[in-house]
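Asks: Quick one: the structure is below, and I'll ask about it shortly.
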Amino acid sequence: MNAANTTAVVTEPPVLRIAPPHGWWEVDFHELWQFRELIYFFVWRDIKVRYKQTTIGAAWAILQPALAMIVFALFFGKLAHMPTEGLPILVFYYSGLLPWMYFSNSLTNATSTIVQNQNIITKVYFPRLALPISAVLSGLLDFAIGCLLLVPLMVVYRVRPGLPLLLLPVFLLLTVLMAAGAGLWLSAMNAIYRDVRYVVPFLVQFWLFASPVAYASSIVPAKYRWLYGLNPMAGIIEGFRWSLTGRGDPPGPMIIVSVAVVLVVLASGLFYFQKMESTVADVV
Amino acid sequence: MTDAVIRVEGIGKRYRVGQRERYRALRDVLAGAFRRNGKRTPADFIWAVRDVSFEVKQGEVVGLIGRNGAGKSTLLKLLARITRPTVGRAELHGRIGSLLEVGTGFHPELTGRENIFLSGAILGMSQAEIRRKFDEIVAFSEVERFIDTPLKHYSSGMGMRLAFAVAAHLEPEILLVDEVLSVGDAAFQKKCLGKMGQVSSEGRTILFVSHNMAAVKTLCRKAILMRDGVVAASGAVGNVVDHYLLGAAPGASVKEWPDPSTAPGNESIRMSYIRIIPPEGHATITIDTGVLIEIGFDNLREDINLDCTVYLTSSDGVLIFESGYIISSDADSRSGSYHLTGRIPEHLLNAGRYSLNVIFGKDQQYVLFRMDDVVFFEVENTSTGRGLNMSVAPGIIRPMLSWRHSFEEKCSLVNPKIAV
């Protein structure tokens with residue numbers, strides 16, 4: 001190699017050993033870290049393409065939760081008089097819709113990512129985990145843009161966050177982890193059973209109503225609330241809303257159960273995905 | 001360093017074949033789970049690659065050849081880690097670049113510039129590396145003017161040039177290349193081959209799958225022949241390529257009918273054999289060797305004017321020529337076995353597959369017996385008359401024209417700026 005193109009002195013070239021799949025846990029996080037630039041490029045590509053194809057572009061990231069907020073506020077809040085934890089209606093719904101939309105969009109993107117990228121999966125090697133991971137990460141930009149509306153809303157309605165705000169990043173992280181876990185399951189399943197992606201919109205719909213987005217979890221009687229926590233989005237949405245606004249229940253049994261479920265979904269998702277990974281190039 | 005850079009031991013890949021559809025639907029799987037006594041057809045298995053072992057030393061350029069379905073691409077995919085082996089192991093020392101397709105990762109909505117970064121990243125280059133080589137890549141691709149236009153507005157040729165430009169600037173220690181050189185026009189292929197030659201002269205190891213025997217013979221010193229998933233031959237490229245071409249006759253270049261009772265024919269003519277072979281002293285039919293046509297038949301009609309005409313058709317269905325031979329013009333045909341030999345001269349037919357129709361006639365007017373598409377044969381390409389260009393020339397015929405040139409020294413003109 002001529003001197004001009006060595007960025008680092010390599011004493012020995014990397015050795016690659018190829019062997020049939022063995023053992024039941026083969027997730028290589030080190031390798032994933034080595035491919036972090038590729039993950040960045042996938043995220044960059046998804047965002048760029050998404051925005052190039054729409055005329056309203058970034059505005060959609062605000063419009064989507066804002067329009068849903070208006071509809072929910074009108075029908076659930078004003079007309080059906082759902083309890084909103086004492087929060088102004090618009091703030092209540094927006095603060096729940098924001099993480100929810102991130103979650104549901106991530107699920108949709110993650111489900112079809114393996115199939116959509118089949119032309120590169122069958123031609124180049126990279127850890128396939130990079131695809132659902134980048135699908136989940138690319139939604140964060142839309143989430144950040146959506147947050148832009150949150151600030152004026154809270155200012156106008158004089159909702160002041162308190163100390164719980166420090167835990168907001170934790171709940172955000174939980175949302176990402178849950179999206180990742182569910183995304184791993186769905187993307188792996190969709191690569192093998194092509195009709196899975198038709199089930200996902202229904203699943204998301206159903207999940208929305210099972211989560212405290214349109215209503216507060218206070219409608220669930222206290223002694224059953226931990227059971228409600230088995231829906232991981234219950235704990236996540238409540239926690240997110242609580243850390244942002246200070247209203248609602250502080251972390252309790254419900255949220256603890258939710259966190260546990262998130263970890264289980266994530267671990268099992270990783271396991272299922274890497275089991276499927278070795279056969280995906282043959283099937284996709 | 002002469003250590004083995006690629007070492008493959010007993011690698012095999014098994015696929016499941018059977019009547020199941022390509023994609024499974026979840027609802028079918030669930031429905032099947034409820035049907036306890038649902039019949040499960042025992043899956044058939046096929047070994048696309050079986051018990052393959054070989055070694056490649058550093059700096060070697062090895063050709064991987066074989067018929068379609070022999071397992072070459074699967075072997076390459078195994079080494080490129082796109083699919084996992086069922087059995088066996090392989091060890092590769094060095095970074096691997098896989099060029100299994102031109103334009104990997106290109107997205108039509110992104111501009112040329114953006115696609116260079118994306119494709120480079122997918123192929124394994126770091127951002128810093130891409131930035132460093134960006135100008136070289138653009139220059140090689142010759143699309144500077146359009147570098148900021150979305151790819152969907154590129155012509156297919158431009159897209160390919162850009163794609164290859166990115167791939168050509170990969171600098172892995174081991175390069176796995178699959179047939180990418182067979183796309184594009186002649187000028188482009190020439191560029192690709194030139195780049196490949198340059199890459200190999202830099203000491204990189206290349207494993208190269210191709211159907212283009214001329215390219216394989218020029219670029220590679222060693223070759224591995226695959227047949228039905230196993231290694232059929234390996235060694236010096238000339239020997240292996242000849243081994244392949246000899247065995248690759250589609251089985252239809254020679255047709256023999258030893259038993260007259262089952263041979264095709266009618267009350268006038270009964271076929272005995274038709275052979276399309278290279279002339280004496282040549283192992284295979286190429287554009288440089290010409291073709292020998294041997295027809296043997298039994299004639300049953302006495303005292304007629306007998307003639308035989310062959311029609312040569314290309315694989316595109318174009319009739320190349322019709323050529324007849326008058327066997328007897330004095331109404332003196334005899335009943336018995338006739339053996340005809342005809343010769344298509346060298347430097348006439350272009351490379352490709354051809355089929356032959358044979359018609360036996362009377363008085364050059366009446367058809368006694370005919371056989372359509374009775375044999376197929378293939379003319380192999382060489383780079384005769386085209387320098388280093390190893391692609392198949394366009395056109396139906398491939399004559400060798402005799403060219404000459406002369407030169408005259410002219411006194412230097414006043415304005416040297418006018419240059420061609």
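Ligands are numbered from 1 in the order shown, chains are lettered A, B, ... in the order of the structure tokens, and residues start at 1 in each chain.
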Could the residues of chain B within 7 Å of chain A, counting only C-alpha atoms, be given as an MDAnalysis selection string, please?
Replies: chainID B and resid 23:26 80:95 98 100:101 104:105 109 118 121:123
Asks: Give me every helix (DSSP H, G or I) residue in region 4-192 of chain B, going by DSSP on the backbone, as a PyMOL selection string.
Replies: chain B and resi 26-34+72-79+112-123+127-141+144-146+151-153+156-168+180-182+186-192
Asks: Those residues you just picked out, can you put them in a file as a compact mmCIF listing (two decimals), in the first residue's frame with C-alpha atoms?
Replies:
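To be explicit, this is the file written out as again36.txt:
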```
# COMPACT_ATOMS: atom_id res chain seq x y z
CA LEU B 26 -47.82 -15.80 8.51
CA ARG B 27 -51.45 -16.62 8.18
CA ASP B 28 -50.61 -19.85 6.38
CA VAL B 29 -48.17 -20.84 9.07
CA LEU B 30 -50.72 -20.13 11.78
CA ALA B 31 -53.46 -21.92 9.88
CA GLY B 32 -51.19 -24.88 9.40
CA ALA B 33 -50.42 -25.03 13.08
CA PHE B 34 -54.07 -25.66 13.80
CA LYS B 72 -19.55 -19.82 -8.41
CA SER B 73 -21.73 -16.97 -7.26
CA THR B 74 -22.78 -18.87 -4.16
CA LEU B 75 -19.14 -19.49 -3.28
CA LEU B 76 -18.42 -15.82 -3.71
CA LYS B 77 -21.39 -14.92 -1.52
CA LEU B 78 -20.11 -17.26 1.16
CA LEU B 79 -16.72 -15.59 1.11
CA GLY B 112 -24.55 11.73 -7.65
CA ARG B 113 -22.48 13.30 -4.90
CA GLU B 114 -24.71 11.90 -2.18
CA ASN B 115 -24.73 8.50 -3.80
CA ILE B 116 -20.96 8.38 -3.89
CA PHE B 117 -20.90 8.79 -0.13
CA LEU B 118 -23.70 6.33 0.43
CA SER B 119 -22.37 3.67 -1.87
CA GLY B 120 -18.84 4.13 -0.61
CA ALA B 121 -20.02 3.70 2.96
CA ILE B 122 -22.00 0.60 2.09
CA LEU B 123 -19.02 -0.89 0.30
CA GLN B 127 -16.16 8.89 5.43
CA ALA B 128 -12.63 10.26 5.54
CA GLU B 129 -11.56 7.87 2.82
CA ILE B 130 -14.44 8.84 0.59
CA ARG B 131 -13.77 12.51 1.03
CA ARG B 132 -10.14 11.98 0.17
CA LYS B 133 -10.90 10.08 -3.01
CA PHE B 134 -13.95 12.05 -4.00
CA ASP B 135 -12.33 14.04 -6.79
CA GLU B 136 -10.64 10.97 -8.24
CA ILE B 137 -13.92 9.10 -8.25
CA VAL B 138 -15.74 11.90 -10.02
CA ALA B 139 -12.97 12.24 -12.59
CA PHE B 140 -12.95 8.49 -13.29
CA SER B 141 -16.70 8.47 -13.79
CA GLU B 144 -18.63 16.01 -13.20
CA ARG B 145 -21.30 18.16 -14.79
CA PHE B 146 -24.11 16.17 -13.28
CA LEU B 151 -29.48 9.93 -9.93
CA LYS B 152 -32.85 9.25 -11.47
CA HIS B 153 -31.97 11.73 -14.20
CA SER B 156 -27.97 4.09 -17.47
CA GLY B 157 -24.46 4.45 -18.82
CA MET B 158 -23.69 7.37 -16.54
CA GLY B 159 -25.09 5.55 -13.56
CA MET B 160 -22.93 2.57 -14.28
CA ARG B 161 -19.82 4.64 -14.73
CA LEU B 162 -20.42 6.37 -11.44
CA ALA B 163 -21.09 3.08 -9.71
CA PHE B 164 -17.97 1.51 -11.04
CA ALA B 165 -15.94 4.59 -10.23
CA VAL B 166 -16.87 4.21 -6.58
CA ALA B 167 -16.21 0.50 -6.56
CA ALA B 168 -12.91 0.89 -8.39
CA VAL B 180 -19.54 -6.87 -13.12
CA LEU B 181 -17.34 -6.51 -16.14
CA SER B 182 -20.02 -7.83 -18.44
CA ALA B 186 -16.99 -1.45 -24.88
CA ALA B 187 -15.27 1.73 -23.75
CA PHE B 188 -16.50 1.24 -20.24
CA GLN B 189 -15.49 -2.40 -20.11
CA LYS B 190 -12.05 -1.46 -21.29
CA LYS B 191 -11.77 1.01 -18.44
CA CYS B 192 -12.96 -1.54 -15.92
```
Asks: May I have the residues within 9 Å of Ser272 (chain B) as a list in words, using only C-alpha atoms and disregarding those fewer than 4 positions away in the same chain?
Replies: Lys255, Glu256, Trp257, Pro258, Asp259, Pro260, Ala263, Pro264, Ile295, Gly296, Phe297, Asp298 and Ser337 of chain B
Asks: Of the residues A:Gly77, A:Gln64, A:Ile56, A:Phe240, which is the one nearest to Pro164 (chain A), using only C-alpha atoms?
Replies: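 Selected residue with least distance to Pro164 (chain A): A:Phe240.
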Asks: Excluding Gly97 (chain B) and residues on its chain fewer than 6 positions from it, collect all residues at most 8 Å away from it, counting only C-alpha atoms, and give them as a list in words.
Replies: Ala80, Leu123, Gly124, Leu170, Glu171, Pro172, Glu173, Ile174, Leu175 and Leu176 of chain B
Asks: Go ahead and write the residues just picked, N, CA and C atoms, as an mmCIF file, in the first residue's frame.
Replies:
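Saved result, again.cif, follows:
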```cif
data_model
loop_
_atom_site.group_PDB
_atom_site.id
_atom_site.type_symbol
_atom_site.label_atom_id
_atom_site.label_comp_id
_atom_site.auth_asym_id
_atom_site.auth_seq_id
_atom_site.Cartn_x
_atom_site.Cartn_y
_atom_site.Cartn_z
ATOM 1 N N ALA B 80 -17.990 -13.549 0.807
ATOM 2 C CA ALA B 80 -18.310 -12.148 1.074
ATOM 3 C C ALA B 80 -19.198 -12.010 2.307
ATOM 4 N N LEU B 123 -20.066 0.020 0.746
ATOM 5 C CA LEU B 123 -19.017 -0.892 0.299
ATOM 6 C C LEU B 123 -17.886 -1.008 1.296
ATOM 7 N N GLY B 124 -17.892 -0.154 2.321
ATOM 8 C CA GLY B 124 -16.924 -0.321 3.399
ATOM 9 C C GLY B 124 -15.893 0.774 3.526
ATOM 10 N N LEU B 170 -12.199 1.255 -4.150
ATOM 11 C CA LEU B 170 -12.096 0.478 -2.923
ATOM 12 C C LEU B 170 -10.675 -0.008 -2.813
ATOM 13 N N GLU B 171 -10.150 -0.021 -1.621
ATOM 14 C CA GLU B 171 -8.785 -0.536 -1.494
ATOM 15 C C GLU B 171 -8.718 -1.644 -0.469
ATOM 16 N N PRO B 172 -9.455 -2.698 -0.694
ATOM 17 C CA PRO B 172 -9.348 -3.798 0.259
ATOM 18 C C PRO B 172 -8.163 -4.661 -0.113
ATOM 19 N N GLU B 173 -7.731 -5.496 0.807
ATOM 20 C CA GLU B 173 -6.650 -6.411 0.477
ATOM 21 C C GLU B 173 -7.152 -7.534 -0.410
ATOM 22 N N ILE B 174 -8.431 -7.893 -0.194
ATOM 23 C CA ILE B 174 -9.008 -8.976 -0.982
ATOM 24 C C ILE B 174 -10.222 -8.431 -1.722
ATOM 25 N N LEU B 175 -10.266 -8.668 -3.008
ATOM 26 C CA LEU B 175 -11.385 -8.179 -3.801
ATOM 27 C C LEU B 175 -12.136 -9.368 -4.392
ATOM 28 N N LEU B 176 -13.447 -9.378 -4.172
ATOM 29 C CA LEU B 176 -14.276 -10.450 -4.729
ATOM 30 C C LEU B 176 -15.147 -9.830 -5.808
#
```
Asks: What's the separation between CA of Asn350 (chain B) and CA of Gly194 (chain B), in Å to one decimal place?
Replies: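 That distance, rounded to one decimal, is 23.8 Å.
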Asks: Interatomic distance between CA of Ile6 (chain B) and CA of Leu207 (chain B)?
Replies: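 So the answer is 9.6 Å.
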Asks: Tell me, as a short mmCIF file (atom, residue, chain, number, x, y, z; two decimals) with C-alpha atoms, in the first residue's frame, which residues lie within 12 Å of Leu129 (chain A), counting only C-alpha atoms; anything in the same chain fewer than 6 positions away does not count.
Replies:
```cif
data_model
loop_
_atom_site.label_atom_id
_atom_site.label_comp_id
_atom_site.auth_asym_id
_atom_site.auth_seq_id
_atom_site.Cartn_x
_atom_site.Cartn_y
_atom_site.Cartn_z
CA GLU A 26 -24.01 -14.29 18.37
CA VAL A 27 -24.74 -10.59 18.62
CA ASP A 28 -21.50 -8.77 17.97
CA PHE A 29 -21.77 -5.31 19.49
CA GLU A 31 -18.71 -5.12 15.11
CA LEU A 32 -21.80 -2.96 15.23
CA TRP A 33 -19.69 -0.19 16.68
CA PHE A 35 -20.03 -0.07 11.41
CA ARG A 36 -21.35 3.04 13.17
CA LEU A 38 -22.70 3.03 8.02
CA ILE A 39 -25.55 3.34 10.50
CA PHE A 42 -28.45 4.80 6.59
CA ALA A 110 -38.44 -0.89 10.93
CA THR A 113 -36.48 -2.01 6.25
CA ILE A 114 -34.99 -5.44 5.65
CA ILE A 121 -28.27 -7.18 1.78
CA ALA A 135 -34.86 2.89 11.13
CA VAL A 136 -35.43 3.53 14.82
CA ALA A 180 -35.91 -0.96 18.84
CA GLY A 181 -37.14 -4.13 20.52
CA GLY A 183 -38.78 -3.09 15.51
CA LEU A 184 -36.34 -5.99 15.68
CA TRP A 185 -39.17 -8.46 16.07
CA SER A 187 -38.38 -6.51 10.78
CA ALA A 188 -37.21 -10.08 11.28
CA GLY A 269 -35.91 -9.11 19.77
CA LEU A 270 -32.13 -9.16 19.53
CA PHE A 271 -32.11 -12.90 19.94
CA TYR A 272 -34.78 -13.56 17.34
CA PHE A 273 -33.24 -11.15 14.89
CA GLN A 274 -29.77 -12.62 15.01
CA LYS A 275 -31.22 -16.09 14.66
CA MET A 276 -32.97 -15.01 11.51
CA GLU A 277 -30.00 -12.99 10.27
CA SER A 278 -28.05 -15.94 8.98
CA VAL A 280 -32.12 -13.63 5.57
#
```
Asks: Kindly indicate which residue among B:Ile396, B:Cys220, B:Ile285, B:Ile46 lies nearest to Val318 (chain B), using only C-alpha atoms for the distances.
Replies: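 Answer, going by the shortest atom-to-atom distance: B:Ile396.
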Asks: Could you check which of B:Leu348, B:Met196, B:Met400, B:Val231 is closest to Leu219 (chain B), using only C-alpha atoms?
Replies: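 Closest to Leu219 (chain B) of all the choices is B:Met196.
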Asks: For a test of reading the model, state the distance in Å between CA of Thr149 (chain B) and CA of Ile145 (chain A), rounded to one decimal.
Replies: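 Here the two named atoms are 27.6 Å from each other.
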Asks: Of the candidates A:Tyr215, A:Phe92, A:Trp100, A:Tyr198, which shows the shortest atom-to-atom distance to Met154 (chain A), using only C-alpha atoms?
Replies: A:Phe92
